[in-house]
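J.: The following block contains the structure, expressed as structure tokens.
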Amino acid sequence: DTGVSQDPRHKITKRGQNVTFRCDPISEHNRLYWYRQTLGQGPEFLTYFQNEAQLEKSRLLSDRFSAERPKGSFSTLEIQRTEQGDSAMYLCASSLAAQNTEAFFGQGTRLTVV
Amino acid sequence: GQQLNQSPQSMFIQEGEDVSMNCTSSSIFNTWLWYKQDPGEGPVLLIALYKAGELTSNGRLTAQFGITRKDSFLNISASIPSDVGIYFCAGQLGAGKSTFGDGTTLTVKP
């Protein structure tokens with residue numbers, strides 16, 4: 001396993017369109033996190049899953065955003081009716097659900113809404 | 001919510017110099033993490049700290065978990081050009097969710 005994989009790496013979309021991103025975590029990791037990062041800032045937490053259960057959602061995750069992890073393996077993040085303010089790097093991370101465990105990040109999906 | 005103050009915001013140093021950066025919080029964390037991010041890439045974990053007072057090294061990098069659990073620092077010794085990048089601290093309180101600082105941008109002049 002080569003680490004957390006995200007697809008696509010880059011996405012340009014027109015305002016109002018829907019987009020979907022995919023994340024494949026490290027295979028033995030049962031926790032999966034989504035973060036958003038804008039220029040000049042650190043990543044901001046959006047949501048996380050333990051296995052297939054979505055256990056926490058940030059207030060940053062508006063109702064236009066939905067994340068799923070149907071089989072407890074890969075996850076998708078969908079943004080509906082994209083807005084220019086959605087332009088950011090979307091990062092996925094995974095970890096083990098255990099005490100003293102750190103998260104490993106993927107390379108991110110850069111979204112540009114025009 | 002929890003916020004991390006990371007300083008300095010940027011550093012310009014000469015190759016071979018030592019670097020120190022730190023992170024402070026208004027609330028406590030159970031875990032402190034330090035990541036490095038290159039442009040267009042995701043953050044890469046450098047060091048993880050799990051106990052107050054813990055001092056951990058990874059090659060030329062040394063980090064400490066503050067005794068109050070509200071701060072951490074990262075030192076880089078004998079900097080080299082490939083140390084260039086943005087360094088982020090992150091604190092965890094539970095469930096692995098991290099709160100990140102806004103980064104320290106390091107530039108190393110050869």
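Labeling convention for the structure tokens: chains A, B, ... as they appear, residues from 1 per chain, ligands from 1 in order of appearance.
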Specify as a ChimeraX atom specification all residues of chain B found within 8 Å of chain A, counting only C-alpha atoms.
T.: /B:31,33,40-45,48,50,88,95-103
J.: Could you please write out, as number ranges by chain, every residue of chain A that DSSP assigns to strand (DSSP E)?
T.: A: 5-7, 10-13, 19-24, 31-37, 44-50, 53-57, 65-68, 75-79, 88-95, 104-105, 109-113
J.: Check the smallest atom-to-atom distance from each of A:Thr2, A:Leu111, A:Lys14, A:Arg22 to Glu68 (chain A) using only C-alpha atoms, then report the winner.
T.: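 Using only C-alpha atoms, the shortest distance to Glu68 (chain A) belongs to A:Arg22.
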J.: Show me, as a PyMOL selection string, the residues that have an atom within 6 Å of region 1-12 of chain B when counting only C-alpha atoms, minus same-chain residues fewer than 5 positions from it.
T.: chain B and resi 21-25+101+104-107
J.: Rank A:Thr13, A:Asn18, A:Gly3, A:Val114 by their smallest atom-to-atom distance to Ile79 (chain A), using only C-alpha atoms, and report the top residue only.
T.: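 Among the listed residues, the smallest separation from Ile79 (chain A) belongs to A:Asn18.
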J.: Would you pick out the contacts of Thr76 (chain A) at 8 Å or less, using only C-alpha atoms, so that residues sharing its chain but fewer than 5 positions from it are not included, and give the list as a short mmCIF file (atom, residue, chain, number, x, y, z; two decimals) with all heavy atoms, in the first residue's frame?
T.:
data_model
loop_
_atom_site.label_atom_id
_atom_site.label_comp_id
_atom_site.auth_asym_id
_atom_site.auth_seq_id
_atom_site.Cartn_x
_atom_site.Cartn_y
_atom_site.Cartn_z
N THR A 20 -17.56 15.53 -7.47
CA THR A 20 -17.35 14.44 -6.52
C THR A 20 -15.89 14.07 -6.50
O THR A 20 -15.27 13.91 -7.55
CB THR A 20 -18.19 13.20 -6.90
OG1 THR A 20 -19.57 13.56 -6.91
CG2 THR A 20 -17.97 12.08 -5.89
N PHE A 21 -15.36 13.92 -5.29
CA PHE A 21 -13.97 13.52 -5.11
C PHE A 21 -13.93 12.16 -4.41
O PHE A 21 -14.79 11.85 -3.61
CB PHE A 21 -13.21 14.53 -4.23
CG PHE A 21 -13.37 15.96 -4.64
CD1 PHE A 21 -13.54 16.95 -3.69
CD2 PHE A 21 -13.36 16.33 -5.97
CE1 PHE A 21 -13.67 18.28 -4.05
CE2 PHE A 21 -13.50 17.65 -6.36
CZ PHE A 21 -13.67 18.63 -5.39
N ARG A 22 -12.86 11.42 -4.69
CA ARG A 22 -12.72 10.11 -4.08
C ARG A 22 -11.45 10.04 -3.25
O ARG A 22 -10.42 10.63 -3.61
CB ARG A 22 -12.68 9.03 -5.17
CG ARG A 22 -12.41 7.63 -4.62
CD ARG A 22 -12.40 6.59 -5.69
NE ARG A 22 -11.94 5.30 -5.17
CZ ARG A 22 -12.63 4.17 -5.28
NH1 ARG A 22 -13.80 4.15 -5.89
NH2 ARG A 22 -12.15 3.04 -4.78
N CYS A 23 -11.51 9.29 -2.16
CA CYS A 23 -10.35 9.05 -1.32
C CYS A 23 -10.25 7.56 -1.00
O CYS A 23 -11.22 6.95 -0.55
CB CYS A 23 -10.46 9.84 -0.01
SG CYS A 23 -9.17 9.43 1.19
N ALA A 67 -20.71 13.56 2.36
CA ALA A 67 -19.62 12.59 2.32
C ALA A 67 -20.18 11.22 2.65
O ALA A 67 -21.10 11.09 3.46
CB ALA A 67 -18.53 12.97 3.32
N GLU A 68 -19.61 10.22 2.00
CA GLU A 68 -20.04 8.85 2.24
C GLU A 68 -18.83 7.94 2.32
O GLU A 68 -17.79 8.21 1.73
CB GLU A 68 -20.94 8.37 1.09
CG GLU A 68 -22.27 9.07 1.00
CD GLU A 68 -23.13 8.49 -0.12
OE1 GLU A 68 -22.60 7.76 -0.97
OE2 GLU A 68 -24.34 8.80 -0.13
N ARG A 69 -19.03 6.84 3.02
CA ARG A 69 -18.01 5.79 3.06
C ARG A 69 -18.78 4.48 3.16
O ARG A 69 -18.82 3.84 4.20
CB ARG A 69 -17.09 5.97 4.25
CG ARG A 69 -15.81 5.15 4.15
CD ARG A 69 -14.93 5.30 5.38
NE ARG A 69 -13.71 4.55 5.22
CZ ARG A 69 -12.91 4.20 6.23
NH1 ARG A 69 -13.22 4.55 7.46
NH2 ARG A 69 -11.82 3.52 6.01
#
